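Undergrad: Structure supplied as input.tsv; contents: TSV, C-alpha atoms.
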chain	number	residue	atom	x	y	z
A	3	MET	CA	89.60	-88.52	-139.51
A	4	GLY	CA	90.55	-86.25	-142.40
A	5	LEU	CA	88.91	-86.39	-145.81
A	6	PRO	CA	90.93	-86.80	-148.99
A	7	ARG	CA	92.44	-83.44	-149.77
A	8	ARG	CA	91.87	-81.63	-153.04
A	9	PRO	CA	93.17	-78.08	-153.54
A	10	GLY	CA	89.80	-76.64	-154.72
A	11	ARG	CA	87.91	-78.27	-151.89
A	12	THR	CA	90.34	-77.05	-149.24
A	13	VAL	CA	90.27	-73.53	-150.57
A	14	GLY	CA	86.45	-73.57	-150.55
A	15	ILE	CA	86.30	-74.76	-146.97
A	16	ALA	CA	88.95	-72.23	-146.00
A	17	ILE	CA	86.83	-69.42	-147.41
A	18	VAL	CA	83.79	-70.58	-145.44
A	19	THR	CA	85.76	-70.99	-142.22
A	20	LEU	CA	87.38	-67.60	-142.54
A	21	THR	CA	83.93	-66.10	-143.04
A	22	LEU	CA	82.79	-67.87	-139.89
A	23	ALA	CA	85.80	-66.60	-137.98
A	24	ALA	CA	84.91	-63.06	-138.87
A	25	CYS	CA	81.34	-63.56	-137.63
A	26	SER	CA	81.88	-64.01	-133.90
A	27	VAL	CA	78.77	-62.76	-132.14
A	28	HIS	CA	78.94	-60.14	-129.37
A	29	LEU	CA	75.43	-59.01	-128.54
A	30	VAL	CA	76.30	-58.01	-124.99
A	31	ALA	CA	79.32	-56.44	-123.33
A	32	PRO	CA	81.92	-58.95	-122.17
A	33	TYR	CA	82.22	-59.88	-118.50
A	34	SER	CA	83.84	-57.13	-116.47
A	35	ALA	CA	85.29	-58.16	-113.11
A	36	ASP	CA	85.88	-54.49	-112.37
A	37	LEU	CA	82.24	-53.53	-112.94
A	38	LYS	CA	81.03	-56.47	-110.85
A	39	GLN	CA	83.40	-55.61	-108.00
A	40	LYS	CA	82.40	-51.94	-108.00
A	41	ALA	CA	78.66	-52.69	-108.12
A	42	SER	CA	78.98	-55.30	-105.38
A	43	ALA	CA	80.99	-52.94	-103.15
A	44	MET	CA	78.43	-50.17	-103.64
A	45	GLN	CA	75.60	-52.62	-102.87
A	46	ALA	CA	77.24	-53.42	-99.51
A	47	GLU	CA	77.88	-49.73	-98.84
A	48	VAL	CA	74.30	-48.67	-99.56
A	49	GLY	CA	72.95	-51.50	-97.40
A	50	THR	CA	75.14	-50.48	-94.46
A	51	TRP	CA	74.20	-46.83	-94.89
A	52	ASP	CA	70.50	-47.71	-94.90
A	53	LEU	CA	70.84	-49.55	-91.57
A	54	THR	CA	72.60	-46.55	-90.07
A	55	MET	CA	69.89	-44.21	-91.33
A	56	ARG	CA	67.16	-46.37	-89.84
A	57	THR	CA	68.47	-45.74	-86.35
A	58	ALA	CA	68.96	-42.05	-87.13
A	59	ALA	CA	65.43	-41.39	-88.51
A	60	GLY	CA	64.02	-38.14	-87.14
A	61	THR	CA	67.39	-36.74	-86.05
A	62	ILE	CA	69.89	-34.36	-87.63
A	63	ALA	CA	71.98	-37.40	-88.66
A	64	ALA	CA	69.30	-38.33	-91.23
A	65	ASP	CA	68.66	-34.77	-92.44
A	66	PRO	CA	69.59	-34.34	-96.13
A	67	ARG	CA	71.50	-31.15	-95.21
A	68	ASN	CA	73.82	-33.11	-92.93
A	69	PRO	CA	77.31	-33.04	-94.49
A	70	GLU	CA	77.79	-36.77	-93.89
A	71	VAL	CA	74.59	-37.56	-95.76
A	72	THR	CA	75.59	-35.26	-98.63
A	73	ALA	CA	79.06	-36.82	-98.71
A	74	ALA	CA	77.64	-40.35	-98.95
A	75	LEU	CA	75.41	-39.42	-101.89
A	76	ASN	CA	78.20	-37.56	-103.66
A	77	LYS	CA	80.55	-40.52	-103.22
A	78	TRP	CA	77.98	-42.82	-104.81
A	79	ARG	CA	77.50	-40.40	-107.70
A	80	GLY	CA	81.24	-40.52	-108.34
A	81	GLU	CA	81.23	-44.31	-108.21
A	82	ALA	CA	78.22	-44.43	-110.56
A	83	ASP	CA	80.11	-42.24	-113.07
A	84	ALA	CA	83.11	-44.58	-112.92
A	85	MET	CA	80.90	-47.63	-113.50
A	86	LEU	CA	79.13	-45.94	-116.41
A	87	THR	CA	82.46	-45.27	-118.09
A	88	LEU	CA	83.36	-48.95	-117.73
A	89	ALA	CA	79.97	-50.11	-119.04
A	90	ILE	CA	79.94	-47.81	-122.05
A	91	SER	CA	83.50	-48.63	-123.02
A	92	ASN	CA	82.67	-52.37	-123.06
A	93	ASP	CA	79.32	-52.04	-124.79
A	94	PRO	CA	79.39	-53.55	-128.29
A	95	GLY	CA	76.53	-51.20	-129.24
A	96	LEU	CA	74.75	-53.81	-131.34
A	97	ALA	CA	71.70	-54.61	-129.25
A	98	HIS	CA	68.61	-52.45	-129.67
A	99	CYS	CA	67.81	-52.35	-125.99
A	100	GLY	CA	65.12	-49.69	-126.25
A	101	GLN	CA	63.05	-51.63	-128.76
A	102	MET	CA	63.22	-54.92	-126.83
A	103	LEU	CA	62.50	-53.10	-123.58
A	104	GLN	CA	59.38	-51.49	-125.04
A	105	GLU	CA	58.04	-54.89	-126.05
A	106	MET	CA	58.65	-56.33	-122.61
A	107	SER	CA	57.31	-53.29	-120.73
A	108	ARG	CA	54.13	-53.29	-122.79
A	109	GLY	CA	53.54	-56.85	-121.65
A	110	ILE	CA	54.21	-55.98	-118.00
A	111	GLN	CA	52.02	-52.86	-118.03
A	112	GLN	CA	49.05	-54.83	-119.28
A	113	HIS	CA	49.07	-56.65	-115.95
A	114	VAL	CA	49.40	-53.56	-113.75
A	115	PRO	CA	46.01	-52.44	-112.33
A	116	ALA	CA	44.65	-49.35	-114.09
A	117	ALA	CA	44.65	-47.24	-110.90
A	118	LEU	CA	48.35	-47.90	-110.33
A	119	ASN	CA	49.18	-47.52	-114.02
A	120	ALA	CA	47.85	-43.96	-113.96
A	121	ALA	CA	50.18	-43.07	-111.07
A	122	ALA	CA	53.16	-44.82	-112.61
A	123	PRO	CA	55.73	-43.15	-114.83
A	124	PRO	CA	56.36	-44.92	-118.13
A	125	THR	CA	58.56	-47.98	-117.53
A	126	THR	CA	60.39	-47.31	-120.77
A	127	GLY	CA	62.58	-44.28	-120.40
A	128	PRO	CA	64.76	-42.94	-123.16
A	129	THR	CA	67.29	-45.51	-124.27
A	130	SER	CA	69.88	-45.09	-126.93
A	131	PRO	CA	69.64	-47.68	-129.72
A	132	GLN	CA	73.43	-47.80	-129.63
A	133	GLN	CA	73.44	-48.68	-125.95
A	134	GLY	CA	73.06	-52.19	-124.54
A	135	CYS	CA	70.67	-52.90	-121.71
A	136	GLU	CA	73.43	-53.31	-119.14
A	137	ALA	CA	74.91	-49.91	-119.99
A	138	GLN	CA	71.39	-48.55	-119.53
A	139	LEU	CA	71.15	-50.30	-116.16
A	140	VAL	CA	74.44	-48.78	-115.05
A	141	ALA	CA	73.23	-45.36	-116.20
A	142	ASP	CA	70.16	-45.91	-114.02
A	143	ILE	CA	72.29	-46.08	-110.85
A	144	ALA	CA	72.17	-42.28	-110.94
A	145	SER	CA	68.36	-42.26	-110.89
A	146	GLY	CA	68.49	-44.72	-107.96
A	147	ILE	CA	70.64	-42.21	-106.08
A	148	ASP	CA	68.14	-39.48	-107.03
A	149	ASP	CA	65.41	-41.65	-105.51
A	150	VAL	CA	67.39	-41.81	-102.24
A	151	ALA	CA	67.84	-38.02	-102.28
A	152	ARG	CA	64.11	-37.57	-102.88
A	153	ALA	CA	63.25	-39.89	-99.98
A	154	LEU	CA	65.57	-37.93	-97.70
A	155	LYS	CA	63.37	-34.83	-98.12
A	156	TYR	CA	61.02	-36.55	-95.69
A	157	CYS	CA	63.76	-36.84	-93.06
A	158	ARG	CA	64.31	-33.09	-92.91
A	159	VAL	CA	64.22	-31.75	-89.36
A	160	GLY	CA	62.70	-28.45	-90.43
A	161	TRP	CA	63.12	-26.65	-87.12
A	162	VAL	CA	66.92	-26.83	-87.37
A	163	PRO	CA	68.20	-23.90	-89.48
A	164	ASP	CA	70.51	-24.29	-92.50
A	165	SER	CA	73.21	-22.39	-90.60
A	166	TYR	CA	73.48	-25.26	-88.15
A	167	PHE	CA	74.47	-27.65	-90.95
A	168	THR	CA	76.82	-25.08	-92.47
A	169	ASN	CA	78.63	-24.89	-89.12
A	170	LEU	CA	78.58	-28.66	-88.88
A	171	ALA	CA	80.28	-28.91	-92.26
A	172	GLN	CA	83.01	-26.54	-91.11
A	173	ASN	CA	83.61	-28.10	-87.72
A	174	ARG	CA	81.83	-31.33	-86.97
A	175	THR	CA	83.17	-31.78	-83.44
A	176	ALA	CA	82.58	-28.26	-82.15
A	177	ALA	CA	79.02	-27.85	-83.46
A	178	ALA	CA	76.51	-27.01	-80.76
A	179	LYS	CA	73.65	-29.32	-79.94
A	180	PRO	CA	70.72	-28.51	-82.24
A	181	ASP	CA	67.40	-27.22	-80.94
A	182	ALA	CA	64.80	-29.79	-80.00
A	183	ALA	CA	61.58	-30.00	-82.01
A	184	PRO	CA	59.08	-27.26	-81.06
A	185	ASN	CA	56.71	-29.92	-79.79
A	186	ALA	CA	56.25	-33.68	-79.62
A	187	ALA	CA	53.80	-33.75	-82.55
A	188	VAL	CA	56.32	-32.17	-84.92
A	189	GLN	CA	59.00	-34.62	-83.81
A	190	ARG	CA	56.60	-37.54	-84.22
A	191	GLU	CA	55.68	-36.43	-87.74
A	192	VAL	CA	59.28	-36.43	-88.97
A	193	ASP	CA	59.97	-39.67	-87.09
A	194	ARG	CA	57.13	-41.38	-88.91
A	195	SER	CA	57.80	-39.99	-92.40
A	196	CYS	CA	61.54	-40.75	-92.19
A	197	ASP	CA	61.00	-44.14	-90.61
A	198	ALA	CA	58.66	-45.02	-93.50
A	199	GLU	CA	61.62	-44.60	-95.86
A	200	PHE	CA	64.08	-46.77	-93.94
A	201	ALA	CA	61.96	-49.41	-92.22
A	202	ALA	CA	62.30	-52.89	-93.68
A	203	GLN	CA	59.15	-54.71	-94.75
A	204	PRO	CA	59.08	-58.17	-93.14
A	205	GLN	CA	57.07	-59.66	-96.05
A	206	THR	CA	59.79	-58.81	-98.57
A	207	PRO	CA	61.10	-61.98	-100.28
A	208	THR	CA	64.59	-62.87	-99.06
A	209	LEU	CA	66.00	-62.86	-102.61
A	210	ALA	CA	64.71	-59.34	-103.33
A	211	ALA	CA	67.35	-56.63	-103.54
A	212	GLU	CA	65.99	-54.65	-100.58
A	213	ALA	CA	65.38	-57.59	-98.22
A	214	GLY	CA	66.13	-56.19	-94.76
A	215	HIS	CA	66.32	-52.63	-96.08
A	216	GLY	CA	64.00	-49.67	-96.47
A	217	ARG	CA	62.15	-48.40	-99.52
A	218	ALA	CA	64.42	-45.36	-99.87
A	219	VAL	CA	67.25	-47.54	-101.15
A	220	ALA	CA	65.12	-50.23	-102.84
A	221	ALA	CA	65.44	-48.92	-106.40
A	222	LEU	CA	69.20	-48.34	-106.08
A	223	LEU	CA	69.80	-51.77	-104.53
A	224	THR	CA	67.65	-53.38	-107.26
A	225	THR	CA	69.79	-51.84	-110.00
A	226	LEU	CA	73.05	-52.83	-108.29
A	227	GLN	CA	71.80	-56.36	-107.67
A	228	ALA	CA	70.84	-56.73	-111.35
A	229	ILE	CA	74.30	-55.59	-112.47
A	230	VAL	CA	76.09	-58.00	-110.12
A	231	TYR	CA	73.76	-60.84	-111.19
A	232	ILE	CA	74.28	-60.20	-114.91
A	233	GLU	CA	78.06	-59.98	-114.52
A	234	THR	CA	78.07	-63.27	-112.58
A	235	ARG	CA	76.08	-64.93	-115.37
A	236	LYS	CA	78.45	-63.49	-117.98
A	237	ALA	CA	81.44	-64.88	-116.07
A	238	ALA	CA	79.79	-68.31	-115.99
A	239	ALA	CA	78.94	-68.12	-119.71
A	240	ALA	CA	82.53	-67.16	-120.53
A	241	THR	CA	83.96	-70.21	-118.77
A	242	ASN	CA	81.49	-72.71	-120.33
B	17	MET	CA	79.54	-81.84	-154.57
B	18	ALA	CA	81.53	-83.46	-151.77
B	19	LEU	CA	82.21	-80.04	-150.30
B	20	LEU	CA	78.52	-79.24	-150.22
B	21	ASN	CA	77.77	-82.57	-148.53
B	22	ASP	CA	80.44	-81.95	-145.91
B	23	LEU	CA	79.13	-78.46	-145.22
B	24	GLU	CA	75.57	-79.75	-144.96
B	25	ALA	CA	76.73	-82.33	-142.44
B	26	ALA	CA	78.60	-79.61	-140.56
B	27	ALA	CA	75.50	-77.40	-140.56
B	28	THR	CA	73.38	-80.26	-139.20
B	29	LYS	CA	75.86	-80.81	-136.37
B	30	ALA	CA	75.91	-77.10	-135.69
B	31	LEU	CA	72.14	-76.88	-135.53
B	32	ALA	CA	72.06	-79.82	-133.14
B	33	ALA	CA	74.57	-77.99	-130.96
B	34	GLY	CA	72.35	-74.92	-131.19
B	35	VAL	CA	69.29	-76.86	-130.07
B	36	THR	CA	71.19	-78.31	-127.09
B	37	SER	CA	72.46	-74.85	-126.17
B	38	ALA	CA	69.00	-73.30	-126.60
B	39	ARG	CA	67.51	-75.87	-124.20
B	40	ALA	CA	70.20	-75.08	-121.62
B	41	GLN	CA	69.76	-71.34	-122.09
B	42	GLY	CA	65.98	-71.65	-121.82
B	43	ALA	CA	66.40	-73.40	-118.48
B	44	ALA	CA	68.93	-70.78	-117.36
B	45	LEU	CA	66.57	-67.93	-118.29
B	46	ALA	CA	63.72	-69.56	-116.38
B	47	GLY	CA	66.09	-69.78	-113.41
B	48	ASP	CA	67.02	-66.11	-113.83
B	49	PHE	CA	63.37	-65.14	-113.71
B	50	GLU	CA	62.77	-67.13	-110.53
B	51	THR	CA	65.98	-66.00	-108.82
B	52	LEU	CA	66.26	-62.37	-109.87
B	53	VAL	CA	63.07	-60.98	-111.37
B	54	LYS	CA	60.19	-62.63	-109.51
B	55	PRO	CA	61.44	-61.89	-105.97
B	56	ASN	CA	61.86	-58.23	-106.90
B	57	LEU	CA	58.45	-58.00	-108.58
B	58	ASP	CA	56.94	-59.55	-105.45
B	59	ALA	CA	58.91	-57.07	-103.33
B	60	ILE	CA	57.50	-54.17	-105.38
B	61	VAL	CA	54.00	-55.39	-104.58
B	62	VAL	CA	54.92	-55.54	-100.86
B	63	GLN	CA	56.31	-51.99	-101.00
B	64	VAL	CA	53.30	-50.61	-102.88
B	65	ALA	CA	51.00	-52.15	-100.27
B	66	ALA	CA	53.12	-50.68	-97.43
B	67	ILE	CA	53.14	-47.22	-99.03
B	68	THR	CA	49.36	-47.35	-99.43
B	69	GLN	CA	48.94	-48.46	-95.82
B	70	ASP	CA	51.29	-45.69	-94.59
B	71	ARG	CA	49.20	-43.13	-96.49
B	72	ILE	CA	45.95	-44.50	-95.06
B	73	ASP	CA	47.45	-44.45	-91.55
B	74	GLY	CA	48.60	-40.86	-92.03
B	75	ALA	CA	52.26	-41.73	-91.49
B	76	ILE	CA	53.08	-40.12	-94.83
B	77	GLY	CA	51.42	-37.44	-96.95
B	78	ASP	CA	50.32	-37.41	-100.59
B	79	ASP	CA	53.62	-36.07	-101.94
B	80	GLN	CA	55.67	-38.68	-100.14
B	81	ALA	CA	53.32	-41.48	-101.23
B	82	ARG	CA	53.57	-40.29	-104.84
B	83	ASP	CA	57.39	-40.07	-104.71
B	84	ASP	CA	57.65	-43.50	-103.09
B	85	LEU	CA	55.35	-45.10	-105.66
B	86	SER	CA	57.28	-43.53	-108.51
B	87	SER	CA	60.51	-44.98	-107.10
B	88	GLN	CA	58.95	-48.44	-106.90
B	89	PHE	CA	57.77	-48.25	-110.51
B	90	ASP	CA	61.34	-47.43	-111.58
B	91	ARG	CA	62.20	-50.92	-110.37
B	92	VAL	CA	59.90	-52.56	-112.92
B	93	ARG	CA	61.99	-50.99	-115.69
B	94	THR	CA	65.17	-52.25	-113.99
B	95	GLU	CA	63.88	-55.83	-113.97
B	96	ALA	CA	62.82	-55.52	-117.62
B	97	LEU	CA	66.29	-54.22	-118.57
B	98	ALA	CA	67.95	-57.07	-116.68
B	99	MET	CA	65.77	-59.70	-118.34
B	100	VAL	CA	66.41	-58.29	-121.82
B	101	GLU	CA	70.18	-58.28	-121.17
B	102	LEU	CA	70.05	-61.88	-119.93
B	103	SER	CA	68.00	-62.88	-122.99
B	104	GLU	CA	70.61	-61.32	-125.25
B	105	LEU	CA	73.35	-63.15	-123.36
B	106	ALA	CA	71.41	-66.39	-123.91
B	107	ALA	CA	71.01	-65.65	-127.64
B	108	GLN	CA	74.73	-64.88	-127.90
B	109	THR	CA	75.60	-68.17	-126.17
B	110	ILE	CA	73.33	-70.16	-128.52
B	111	VAL	CA	74.67	-68.51	-131.69
B	112	ASN	CA	78.25	-68.94	-130.54
B	113	ALA	CA	77.59	-72.62	-129.78
B	114	VAL	CA	76.33	-73.06	-133.36
B	115	LEU	CA	79.36	-71.22	-134.77
B	116	ALA	CA	81.77	-73.23	-132.60
B	117	ALA	CA	80.18	-76.51	-133.73
B	118	LEU	CA	80.31	-75.38	-137.35
B	119	LYS	CA	83.97	-74.42	-137.08
B	120	SER	CA	84.80	-77.67	-135.35
B	121	ALA	CA	83.02	-79.70	-138.05
B	122	ILE	CA	84.82	-77.79	-140.80
B	123	ASN	CA	88.18	-78.28	-139.10
B	124	ALA	CA	87.42	-81.98	-139.01
B	125	ALA	CA	86.49	-81.95	-142.72
B	126	VAL	CA	89.70	-80.17	-143.65
B	127	GLY	CA	91.75	-82.43	-141.41
B	128	VAL	CA	93.70	-79.59	-139.82
B	129	ALA	CA	92.87	-77.01	-137.15
B	130	LEU	CA	92.15	-74.26	-139.64
B	131	LEU	CA	90.45	-72.15	-136.92
As structure tokens, please, write out the structure in this file.

TA:
Amino acid sequence: MGLPRRPGRTVGIAIVTLTLAACSVHLVAPYSADLKQKASAMQAEVGTWDLTMRTAAGTIAADPRNPEVTAALNKWRGEADAMLTLAISNDPGLAHCGQMLQEMSRGIQQHVPAALNAAAPPTTGPTSPQQGCEAQLVADIASGIDDVARALKYCRVGWVPDSYFTNLAQNRTAAAKPDAAPNAAVQREVDRSCDAEFAAQPQTPTLAAEAGHGRAVAALLTTLQAIVYIETRKAAAATN
Amino acid sequence: MALLNDLEAAATKALAAGVTSARAQGAALAGDFETLVKPNLDAIVVQVAAITQDRIDGAIGDDQARDDLSSQFDRVRTEALAMVELSELAAQTIVNAVLAALKSAINAAVGVALL
């Protein structure tokens, strides 16, 4: 039901409405189907890779010098770069993620036992005030991959020389069988340290990112899960 | 002052829409915490306990235990980032619900779809 129209009144309302139109709020980046698809695909890929590594623990297949292992990590780094480009290009750059994160992390750290707190790195890393939290999350995929690389140090079969892996990179089918461990104790040590990185913990909640997977990929899977979750929520918010 | 009265009525409607949206977003955020954040925080506790046990059992050394713990603590930051992003999404949804209600009320006052 329209109100009686008067020129001055209509012009006044028009000014207010035009002001409102100019003030649409975009605190977060819009939903990106591409980002969600890429993060979800990488999540599946990392999970599959982790299961493969579990069976390979203590062998040359899990050694970080193995060309297939290097290739997997390099592929993920490339995918992480592509996702970061997407995230940054969509970021409205209005939210002060770093400041809000500091507030939240301070609250969390108060509940972490002092002994663990001393061993823990600060939970607030450098964040750009121009960068939204999701862009920061996507940037953190790279540190998740670094965590995997760091875990792989403990899968190194030290008795196999670098030259073996160099030959393997050049000709995977013709490479000779590597030497066995010098003794059973050495083999057992690398079996245990590598297995510790890829063994799943049965008490892990089923909704946790690394459910069914090892601790080596836990941080990376957590980041990817968060990105997929946020994008799904954004898609739902956009349709409501 | 008819214009002022109309705008006040529009603002009241918009605020009501904001309250409704805020309630829904509050429920959604609580759901996000239960679905996304809490399982992962619980999983971090499980991992920290397993790392400690592995160190006690001698399955891993000090360096590996330290690296593994550091990696687990990175996950706390990830969950904090996710929760902040979801909170901002909720705030955006609430503010946009208020703006949409305000625009709708003004359109009704004008009698045409001005926006």

Undergrad: Go ahead and compute the interatomic distance for atom CA of Gln69 of chain B and atom CA of Ala182 of chain A, in Å to one decimal.

TA: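 Atom-to-atom, atom CA of Gln69 of chain B and atom CA of Ala182 of chain A are spaced 29.2 Å apart.
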
Undergrad: Interatomic distance between atom CA of Lys29 of chain B and atom CA of Ala237 of chain A?

TA: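 Atom-to-atom, atom CA of Lys29 of chain B and atom CA of Ala237 of chain A are spaced 26.4 Å apart.
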
Undergrad: Could you list, as a PyMOL selection string, every residue within 9 Å of segment 41-46 of chain B, counting only C-alpha atoms and ignoring same-chain residues fewer than 6 positions away?

TA: chain B and resi 99+102-103+106-107+109-110

Undergrad: May I ask which of the residues A:Cys99, A:Leu170, A:Ala187, A:Ala41 is the closest one to chain B, counting all atoms listed in the file?

TA: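 Smallest separation from chain B among the options: A:Cys99.
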
Undergrad: Between A:Cys157, A:Ala89, A:Pro184, A:Ile232, which residue has the minimum interatomic distance to Met55 of chain A, considering all atoms listed in the file?

TA: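 Looking at the shortest contact to Met55 of chain A, the residue is A:Cys157.
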
Undergrad: Skipping near chain neighbours, those fewer than 2 positions away, what residues fall within 12 Å of Ala65 of chain B using all atoms listed in the file, listed as a PDB file with C-alpha atoms, in the frame of the given file?

TA:
ATOM      1  CA  LEU A 118      48.350 -47.900-110.330  1.00  0.00           C
ATOM      2  CA  GLN A 203      59.150 -54.710 -94.750  1.00  0.00           C
ATOM      3  CA  GLN A 205      57.070 -59.660 -96.050  1.00  0.00           C
ATOM      4  CA  THR A 206      59.790 -58.810 -98.570  1.00  0.00           C
ATOM      5  CA  ARG A 217      62.150 -48.400 -99.520  1.00  0.00           C
TER       6      ARG A 217
ATOM      7  CA  ASP B  58      56.940 -59.550-105.450  1.00  0.00           C
ATOM      8  CA  ALA B  59      58.910 -57.070-103.330  1.00  0.00           C
ATOM      9  CA  ILE B  60      57.500 -54.170-105.380  1.00  0.00           C
ATOM     10  CA  VAL B  61      54.000 -55.390-104.580  1.00  0.00           C
ATOM     11  CA  VAL B  62      54.920 -55.540-100.860  1.00  0.00           C
ATOM     12  CA  GLN B  63      56.310 -51.990-101.000  1.00  0.00           C
ATOM     13  CA  ILE B  67      53.140 -47.220 -99.030  1.00  0.00           C
ATOM     14  CA  THR B  68      49.360 -47.350 -99.430  1.00  0.00           C
ATOM     15  CA  GLN B  69      48.940 -48.460 -95.820  1.00  0.00           C
ATOM     16  CA  ASP B  70      51.290 -45.690 -94.590  1.00  0.00           C
ATOM     17  CA  ARG B  71      49.200 -43.130 -96.490  1.00  0.00           C
ATOM     18  CA  ILE B  72      45.950 -44.500 -95.060  1.00  0.00           C
ATOM     19  CA  ALA B  81      53.320 -41.480-101.230  1.00  0.00           C
ATOM     20  CA  ASP B  84      57.650 -43.500-103.090  1.00  0.00           C
ATOM     21  CA  LEU B  85      55.350 -45.100-105.660  1.00  0.00           C
ATOM     22  CA  GLN B  88      58.950 -48.440-106.900  1.00  0.00           C
TER      23      GLN B  88
END

Undergrad: Which distance in Å separates atom CA of Ala38 of chain B and atom CA of Val30 of chain A, to one decimal?

TA: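 So the answer is 17.0 Å.
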
Undergrad: Restrict the distance test to only C-alpha atoms, flag each residue of chain B within 6 Å of chain A, and return the flagged residues as a PyMOL selection string.

TA: chain B and resi 55-56+59+75-76+86+91+93+97+101+108+125+127

Undergrad: Need to verify the contact set: Thr87 of chain A, 12 Å, only C-alpha atoms, exclusion of same-chain residues closer than 5 positions in sequence. Can you return it as number ranges by chain?

TA: A: 36-37, 80-82, 92-93, 137-138, 140-141

Undergrad: Axis-aligned box over every listed atom of segment 79-87 of chain B, padded by 4 Å per side: centre and edges in Å to one decimal, as AutoDock Vina command-line options?

TA:
--center_x 56.9 --center_y -40.6 --center_z -104.3 --size_x 15.2 --size_y 17.0 --size_z 16.4

Undergrad: Using all atoms listed in the file, can you list as a short mmCIF file (atom, residue, chain, number, x, y, z; two decimals) with C-alpha atoms, in the frame of the given file the residues within 12 Å of (72.9, -77.4, -137.1)?

TA:
data_model
loop_
_atom_site.label_atom_id
_atom_site.label_comp_id
_atom_site.auth_asym_id
_atom_site.auth_seq_id
_atom_site.Cartn_x
_atom_site.Cartn_y
_atom_site.Cartn_z
CA LEU B 23 79.13 -78.46 -145.22
CA GLU B 24 75.57 -79.75 -144.96
CA ALA B 25 76.73 -82.33 -142.44
CA ALA B 26 78.60 -79.61 -140.56
CA ALA B 27 75.50 -77.40 -140.56
CA THR B 28 73.38 -80.26 -139.20
CA LYS B 29 75.86 -80.81 -136.37
CA ALA B 30 75.91 -77.10 -135.69
CA LEU B 31 72.14 -76.88 -135.53
CA ALA B 32 72.06 -79.82 -133.14
CA ALA B 33 74.57 -77.99 -130.96
CA GLY B 34 72.35 -74.92 -131.19
CA VAL B 35 69.29 -76.86 -130.07
CA THR B 36 71.19 -78.31 -127.09
CA SER B 37 72.46 -74.85 -126.17
CA ALA B 38 69.00 -73.30 -126.60
CA ILE B 110 73.33 -70.16 -128.52
CA VAL B 111 74.67 -68.51 -131.69
CA ASN B 112 78.25 -68.94 -130.54
CA ALA B 113 77.59 -72.62 -129.78
CA VAL B 114 76.33 -73.06 -133.36
CA LEU B 115 79.36 -71.22 -134.77
CA ALA B 116 81.77 -73.23 -132.60
CA ALA B 117 80.18 -76.51 -133.73
CA LEU B 118 80.31 -75.38 -137.35
CA LYS B 119 83.97 -74.42 -137.08
CA ALA B 121 83.02 -79.70 -138.05
#
